[in-house]
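*Asks:* Here you go, one structure.
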Amino acid sequence: MAEIDARALRSAFGKFMTGVTVVTALDAAGEPLGFTANSFSSVSLDPPLLLVNLANSSSNFDAFKNANGFAVNILSEEQTAVSNTFASPVEDRFDSCSWSAGPVGSPVLENVCAWFDCSMFQTVEAGDHLILIGRVGAFDAFERGGLGYANGGYFKRGMEAEAAAALASDAQTYIAAVVRHGDSVLLIGSDEEGWRLPVMKGSGTASQQAFAAELGLELHEFHVYSLYDDRSSQSHHVVYRCEASSRDSAQGSFVPLAELAAQQTSYAAEAVLLKRFVAEASLNTFKIYIGDQEQGEVSRG
């Protein structure tokens, strides 16, 4: 096995550790098996080690514990279906994707952002999980956007770049947010004038911190939720979803999710967006809309 390039490995660790992964191995009969994990961790560069965690309750527990090695496959942004398949208790998981044996021997999936093929270095029983520590024998990385998962939903890293591009463009940009606290969402306005999401004009200097300051709230867990153009006003709209630490907003009122549909909103695009948010919140699975104020595409979750 060729010697690992420590500098390249360090770069790959730093770039991909927060991505959604599928961990794969071969069982005693040589059959492929795998499971979805939200992240992995680097342990050492000399020797090159990484780790993943496997629940003791997993049906794959014994096979992974006794495996000679495993591979960590970093999923690309088009592989949400692969992630969902390997996270579900279904048979023939590998029917959903193409794969080949890696240089060390574990299954390496096609069309991923990166993969790390490892020999088993050590297993450690830790509470209700088994820690699998692998020695990286080979790895590769590709120029593909990565798939992330946070706060109940998938997100594509390219979405963040599109939002940044909108904020940096010459066209007028508006930043809005679905600000949630518990089972309620912040709306600005009144029953007479109509309600809408908190919004501010954006620019290259606008920031999430400035948005929070305007509302007088501590906001966190910002994720892009919608990117659309209003063709009538030639403007960009970037909508985030985020969490508020309290309901003590300097503006507006927090409205229970169950009552959002009954609120009269002054902007039709936001009425559709809020309806989608209520439906997705009930499943705790959020998606991303890209298009204009009338039609577009919702990413698959």
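Going by the structure tokens order, chains are called A, B, ..., each with residues numbered from 1, while ligands are numbered from 1 in the order shown.
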List the neighbours of Leu187 of chain A out to 7 Å using only C-alpha atoms; skip same-chain residues closer than 2 positions along the sequence, and give me the result as a list in words.
*Replies:*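 Neighbouring residues, sequence-local ones excluded: Val185, Gly189, Trp195, Arg196, Leu197, Pro198, Gly252, Ser253, Phe254 and Val255 of chain A.
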*Asks:* Could those selected residues go to a file with N, CA, C and O atoms, as a short mmCIF file (atom, residue, chain, number, x, y, z; two decimals), in the first residue's frame?
*Replies:*
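Output saved as selection31.cif:
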data_model
loop_
_atom_site.label_atom_id
_atom_site.label_comp_id
_atom_site.auth_asym_id
_atom_site.auth_seq_id
_atom_site.Cartn_x
_atom_site.Cartn_y
_atom_site.Cartn_z
N VAL A 185 -43.40 30.73 15.62
CA VAL A 185 -42.58 31.43 14.63
C VAL A 185 -42.84 32.93 14.73
O VAL A 185 -43.98 33.36 14.93
N GLY A 189 -45.92 42.66 12.02
CA GLY A 189 -47.07 43.32 11.41
C GLY A 189 -48.27 43.33 12.33
O GLY A 189 -48.13 43.41 13.56
N TRP A 195 -49.41 40.23 8.08
CA TRP A 195 -48.19 39.77 8.73
C TRP A 195 -47.18 39.33 7.68
O TRP A 195 -47.53 38.96 6.57
N ARG A 196 -45.92 39.35 8.05
CA ARG A 196 -44.89 38.79 7.19
C ARG A 196 -43.68 38.40 8.03
O ARG A 196 -43.60 38.72 9.23
N LEU A 197 -42.77 37.72 7.42
CA LEU A 197 -41.54 37.34 8.11
C LEU A 197 -40.70 38.57 8.39
O LEU A 197 -40.76 39.55 7.65
N PRO A 198 -39.90 38.54 9.45
CA PRO A 198 -38.95 39.63 9.64
C PRO A 198 -38.00 39.70 8.45
O PRO A 198 -37.50 38.68 7.98
N GLY A 252 -42.59 42.46 16.44
CA GLY A 252 -43.48 41.37 16.12
C GLY A 252 -43.88 40.48 17.28
O GLY A 252 -43.66 40.81 18.45
N SER A 253 -44.45 39.35 16.92
CA SER A 253 -44.95 38.41 17.91
C SER A 253 -44.69 36.98 17.44
O SER A 253 -44.70 36.70 16.23
N PHE A 254 -44.49 36.10 18.39
CA PHE A 254 -44.33 34.69 18.05
C PHE A 254 -45.73 34.05 17.96
O PHE A 254 -46.54 34.16 18.88
N VAL A 255 -45.99 33.42 16.83
CA VAL A 255 -47.29 32.82 16.55
C VAL A 255 -47.15 31.30 16.55
O VAL A 255 -46.25 30.77 15.90
#
*Asks:* Extract the full set of strand (DSSP E or B) residues from segment 87-138 of chain A according to DSSP on the backbone, and format it as a VMD selection string.
*Replies:* chain A and resid 99 to 101 107 to 109 114 to 126 129 to 138
*Asks:* Could the residues in this selection be saved with N, CA and C atoms as a PDB file, in the first residue's frame?
*Replies:*
ATOM      1  N   TRP A  99     -20.973   0.597  -6.525  1.00  0.00           N
ATOM      2  CA  TRP A  99     -19.823   0.593  -5.639  1.00  0.00           C
ATOM      3  C   TRP A  99     -18.775  -0.379  -6.173  1.00  0.00           C
ATOM      4  N   SER A 100     -17.587  -0.258  -5.642  1.00  0.00           N
ATOM      5  CA  SER A 100     -16.506  -1.176  -5.985  1.00  0.00           C
ATOM      6  C   SER A 100     -15.638  -1.357  -4.753  1.00  0.00           C
ATOM      7  N   ALA A 101     -14.809  -2.375  -4.769  1.00  0.00           N
ATOM      8  CA  ALA A 101     -13.912  -2.618  -3.640  1.00  0.00           C
ATOM      9  C   ALA A 101     -12.796  -1.587  -3.640  1.00  0.00           C
ATOM     10  N   PRO A 107     -16.135  -1.614   0.673  1.00  0.00           N
ATOM     11  CA  PRO A 107     -16.898  -1.015  -0.424  1.00  0.00           C
ATOM     12  C   PRO A 107     -16.736   0.509  -0.486  1.00  0.00           C
ATOM     13  N   VAL A 108     -16.422   0.993  -1.679  1.00  0.00           N
ATOM     14  CA  VAL A 108     -16.317   2.426  -1.946  1.00  0.00           C
ATOM     15  C   VAL A 108     -17.446   2.796  -2.903  1.00  0.00           C
ATOM     16  N   LEU A 109     -18.289   3.750  -2.504  1.00  0.00           N
ATOM     17  CA  LEU A 109     -19.444   4.135  -3.311  1.00  0.00           C
ATOM     18  C   LEU A 109     -19.037   5.088  -4.428  1.00  0.00           C
ATOM     19  N   ALA A 114     -15.791  12.131  -1.355  1.00  0.00           N
ATOM     20  CA  ALA A 114     -14.499  11.586  -0.945  1.00  0.00           C
ATOM     21  C   ALA A 114     -14.738  10.237  -0.291  1.00  0.00           C
ATOM     22  N   TRP A 115     -13.682   9.443  -0.207  1.00  0.00           N
ATOM     23  CA  TRP A 115     -13.752   8.196   0.537  1.00  0.00           C
ATOM     24  C   TRP A 115     -12.421   7.933   1.232  1.00  0.00           C
ATOM     25  N   PHE A 116     -12.508   7.224   2.357  1.00  0.00           N
ATOM     26  CA  PHE A 116     -11.343   6.823   3.133  1.00  0.00           C
ATOM     27  C   PHE A 116     -11.470   5.326   3.385  1.00  0.00           C
ATOM     28  N   ASP A 117     -10.557   4.540   2.842  1.00  0.00           N
ATOM     29  CA  ASP A 117     -10.604   3.088   2.994  1.00  0.00           C
ATOM     30  C   ASP A 117      -9.596   2.690   4.080  1.00  0.00           C
ATOM     31  N   CYS A 118     -10.072   2.011   5.108  1.00  0.00           N
ATOM     32  CA  CYS A 118      -9.264   1.786   6.318  1.00  0.00           C
ATOM     33  C   CYS A 118      -9.180   0.309   6.686  1.00  0.00           C
ATOM     34  N   SER A 119      -8.070  -0.065   7.265  1.00  0.00           N
ATOM     35  CA  SER A 119      -7.970  -1.338   7.970  1.00  0.00           C
ATOM     36  C   SER A 119      -8.386  -1.093   9.418  1.00  0.00           C
ATOM     37  N   MET A 120      -8.900  -2.121  10.084  1.00  0.00           N
ATOM     38  CA  MET A 120      -9.340  -1.921  11.466  1.00  0.00           C
ATOM     39  C   MET A 120      -8.121  -1.799  12.377  1.00  0.00           C
ATOM     40  N   PHE A 121      -8.037  -0.684  13.084  1.00  0.00           N
ATOM     41  CA  PHE A 121      -6.910  -0.441  13.995  1.00  0.00           C
ATOM     42  C   PHE A 121      -7.278  -0.862  15.413  1.00  0.00           C
ATOM     43  N   GLN A 122      -8.520  -0.519  15.816  1.00  0.00           N
ATOM     44  CA  GLN A 122      -8.958  -0.845  17.183  1.00  0.00           C
ATOM     45  C   GLN A 122     -10.464  -0.641  17.288  1.00  0.00           C
ATOM     46  N   THR A 123     -11.104  -1.403  18.146  1.00  0.00           N
ATOM     47  CA  THR A 123     -12.495  -1.148  18.498  1.00  0.00           C
ATOM     48  C   THR A 123     -12.564  -0.900  19.999  1.00  0.00           C
ATOM     49  N   VAL A 124     -13.406   0.045  20.386  1.00  0.00           N
ATOM     50  CA  VAL A 124     -13.527   0.415  21.797  1.00  0.00           C
ATOM     51  C   VAL A 124     -15.008   0.431  22.165  1.00  0.00           C
ATOM     52  N   GLU A 125     -15.406  -0.348  23.151  1.00  0.00           N
ATOM     53  CA  GLU A 125     -16.779  -0.320  23.638  1.00  0.00           C
ATOM     54  C   GLU A 125     -16.926   0.878  24.570  1.00  0.00           C
ATOM     55  N   ALA A 126     -17.887   1.750  24.250  1.00  0.00           N
ATOM     56  CA  ALA A 126     -18.085   2.986  25.007  1.00  0.00           C
ATOM     57  C   ALA A 126     -19.573   3.190  25.239  1.00  0.00           C
ATOM     58  N   HIS A 129     -22.425   2.576  22.542  1.00  0.00           N
ATOM     59  CA  HIS A 129     -21.858   2.615  21.200  1.00  0.00           C
ATOM     60  C   HIS A 129     -20.532   1.855  21.142  1.00  0.00           C
ATOM     61  N   LEU A 130     -20.174   1.452  19.947  1.00  0.00           N
ATOM     62  CA  LEU A 130     -18.872   0.868  19.664  1.00  0.00           C
ATOM     63  C   LEU A 130     -18.091   1.858  18.816  1.00  0.00           C
ATOM     64  N   ILE A 131     -16.910   2.229  19.248  1.00  0.00           N
ATOM     65  CA  ILE A 131     -16.056   3.131  18.490  1.00  0.00           C
ATOM     66  C   ILE A 131     -15.170   2.302  17.570  1.00  0.00           C
ATOM     67  N   LEU A 132     -15.275   2.572  16.280  1.00  0.00           N
ATOM     68  CA  LEU A 132     -14.448   1.892  15.286  1.00  0.00           C
ATOM     69  C   LEU A 132     -13.309   2.834  14.894  1.00  0.00           C
ATOM     70  N   ILE A 133     -12.093   2.444  15.155  1.00  0.00           N
ATOM     71  CA  ILE A 133     -10.930   3.249  14.794  1.00  0.00           C
ATOM     72  C   ILE A 133     -10.236   2.574  13.616  1.00  0.00           C
ATOM     73  N   GLY A 134     -10.140   3.300  12.512  1.00  0.00           N
ATOM     74  CA  GLY A 134      -9.550   2.733  11.313  1.00  0.00           C
ATOM     75  C   GLY A 134      -8.249   3.418  10.932  1.00  0.00           C
ATOM     76  N   ARG A 135      -7.346   2.644  10.378  1.00  0.00           N
ATOM     77  CA  ARG A 135      -6.098   3.202   9.849  1.00  0.00           C
ATOM     78  C   ARG A 135      -6.297   3.417   8.348  1.00  0.00           C
ATOM     79  N   VAL A 136      -6.191   4.661   7.912  1.00  0.00           N
ATOM     80  CA  VAL A 136      -6.433   4.996   6.519  1.00  0.00           C
ATOM     81  C   VAL A 136      -5.329   4.410   5.648  1.00  0.00           C
ATOM     82  N   GLY A 137      -5.730   3.526   4.729  1.00  0.00           N
ATOM     83  CA  GLY A 137      -4.764   2.942   3.811  1.00  0.00           C
ATOM     84  C   GLY A 137      -4.787   3.600   2.450  1.00  0.00           C
ATOM     85  N   ALA A 138      -5.919   4.231   2.114  1.00  0.00           N
ATOM     86  CA  ALA A 138      -6.067   4.927   0.837  1.00  0.00           C
ATOM     87  C   ALA A 138      -7.251   5.878   0.947  1.00  0.00           C
TER      88      ALA A 138
END
*Asks:* Just want the 9 Å neighbourhood of Ala28 of chain A, counted on only C-alpha atoms, with same-chain residues fewer than 4 positions away dropped. Output as a PDB file with C-alpha atoms, in the first residue's frame.
*Replies:*
ATOM      1  CA  ALA A  63     -20.281  -7.715  11.566  1.00  0.00           C
ATOM      2  CA  ASN A  66     -15.352  -8.370  13.618  1.00  0.00           C
ATOM      3  CA  ALA A  67     -14.592  -6.756  10.244  1.00  0.00           C
TER       4      ALA A  67
END
*Asks:* With a distance cut-off of 9 Å and only C-alpha atoms, select the neighbouring residues of Val278 of chain A, excluding the residue or stretch itself and same-chain residues fewer than 5 positions from it, and output the selection as a PDB file with all heavy atoms, in the first residue's frame.
*Replies:*
ATOM      1  N   LEU A 257     -47.280  27.477  15.646  1.00  0.00           N
ATOM      2  CA  LEU A 257     -47.293  26.840  14.331  1.00  0.00           C
ATOM      3  C   LEU A 257     -48.716  26.467  13.908  1.00  0.00           C
ATOM      4  O   LEU A 257     -49.075  26.590  12.734  1.00  0.00           O
ATOM      5  CB  LEU A 257     -46.413  25.590  14.351  1.00  0.00           C
ATOM      6  CG  LEU A 257     -44.901  25.794  14.430  1.00  0.00           C
ATOM      7  CD1 LEU A 257     -44.202  24.456  14.647  1.00  0.00           C
ATOM      8  CD2 LEU A 257     -44.373  26.470  13.184  1.00  0.00           C
ATOM      9  N   ALA A 258     -49.519  26.026  14.862  1.00  0.00           N
ATOM     10  CA  ALA A 258     -50.875  25.591  14.540  1.00  0.00           C
ATOM     11  C   ALA A 258     -51.747  26.739  14.045  1.00  0.00           C
ATOM     12  O   ALA A 258     -52.775  26.510  13.401  1.00  0.00           O
ATOM     13  CB  ALA A 258     -51.520  24.951  15.768  1.00  0.00           C
ATOM     14  N   LEU A 260     -50.441  29.440  12.197  1.00  0.00           N
ATOM     15  CA  LEU A 260     -49.813  30.176  11.098  1.00  0.00           C
ATOM     16  C   LEU A 260     -50.681  30.218   9.850  1.00  0.00           C
ATOM     17  O   LEU A 260     -50.757  31.240   9.162  1.00  0.00           O
ATOM     18  CB  LEU A 260     -48.458  29.553  10.753  1.00  0.00           C
ATOM     19  CG  LEU A 260     -47.275  29.934  11.644  1.00  0.00           C
ATOM     20  CD1 LEU A 260     -46.020  29.245  11.140  1.00  0.00           C
ATOM     21  CD2 LEU A 260     -47.065  31.444  11.675  1.00  0.00           C
ATOM     22  N   ALA A 261     -51.344  29.112   9.544  1.00  0.00           N
ATOM     23  CA  ALA A 261     -52.140  29.052   8.322  1.00  0.00           C
ATOM     24  C   ALA A 261     -53.282  30.054   8.327  1.00  0.00           C
ATOM     25  O   ALA A 261     -53.736  30.500   7.265  1.00  0.00           O
ATOM     26  CB  ALA A 261     -52.678  27.639   8.121  1.00  0.00           C
ATOM     27  N   LEU A 273     -44.420  29.787   1.658  1.00  0.00           N
ATOM     28  CA  LEU A 273     -43.249  29.332   2.407  1.00  0.00           C
ATOM     29  C   LEU A 273     -43.636  28.883   3.809  1.00  0.00           C
ATOM     30  O   LEU A 273     -43.173  27.839   4.288  1.00  0.00           O
ATOM     31  CB  LEU A 273     -42.216  30.456   2.455  1.00  0.00           C
ATOM     32  CG  LEU A 273     -40.874  30.171   3.144  1.00  0.00           C
ATOM     33  CD1 LEU A 273     -39.765  30.993   2.479  1.00  0.00           C
ATOM     34  CD2 LEU A 273     -40.925  30.505   4.624  1.00  0.00           C
TER      35      LEU A 273
END
*Asks:* Skipping near chain neighbours, those fewer than 2 positions away, what residues fall within 9 Å of Phe64 of chain A using only C-alpha atoms, listed as a list in words?
*Replies:*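 In the requested format, the answer is Thr24, Ala25, Leu26, Asp27, Leu33, Gly34, Leu54, Asn60, Phe61, Asp62, Asn66, Ala67, Asn68, Gly69, Phe70 and Leu132 of chain A.
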*Asks:* Ranking A:Tyr289, A:Tyr228, A:Phe277, A:Phe94 by minimum distance to Ile175 of chain A and counting only C-alpha atoms, which one comes first?
*Replies:*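 Smallest separation from Ile175 of chain A among the options: A:Tyr228.
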*Asks:* Kindly provide the residues of segment 23-78 of chain A that approach segment 144-147 of chain A to within 6 Å, each paired with its closest atom pair and their distance in Å to one decimal, based on only C-alpha atoms, listed by chain and increasing number, as a Markdown table.
*Replies:*
| residue | atom | partner | partner_atom | distance |
| --- | --- | --- | --- | --- |
| A:Leu75 | CA | A:Leu147 | CA | 5.8 |
| A:Ser76 | CA | A:Gly146 | CA | 4.3 |
| A:Glu77 | CA | A:Leu147 | CA | 4.2 |
*Asks:* Give me a file of those residues, with C-alpha atoms, as a PDB file, in the first residue's frame.
*Replies:*
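Output contents, as saved in part-v2.pdb:
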ATOM      1  CA  LEU A  75     -21.860  11.697   0.255  1.00  0.00           C
ATOM      2  CA  SER A  76     -22.321  14.310  -2.457  1.00  0.00           C
ATOM      3  CA  GLU A  77     -25.259  16.712  -2.493  1.00  0.00           C
TER       4      GLU A  77
END
*Asks:* I need the residue nearest Asn53 of chain A from this list: A:Pro32, A:Gly127, A:Val90, A:Ala281. Use only C-alpha atoms for the distance.
*Replies:*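 Result for the nearest residue to Asn53 of chain A: A:Gly127.
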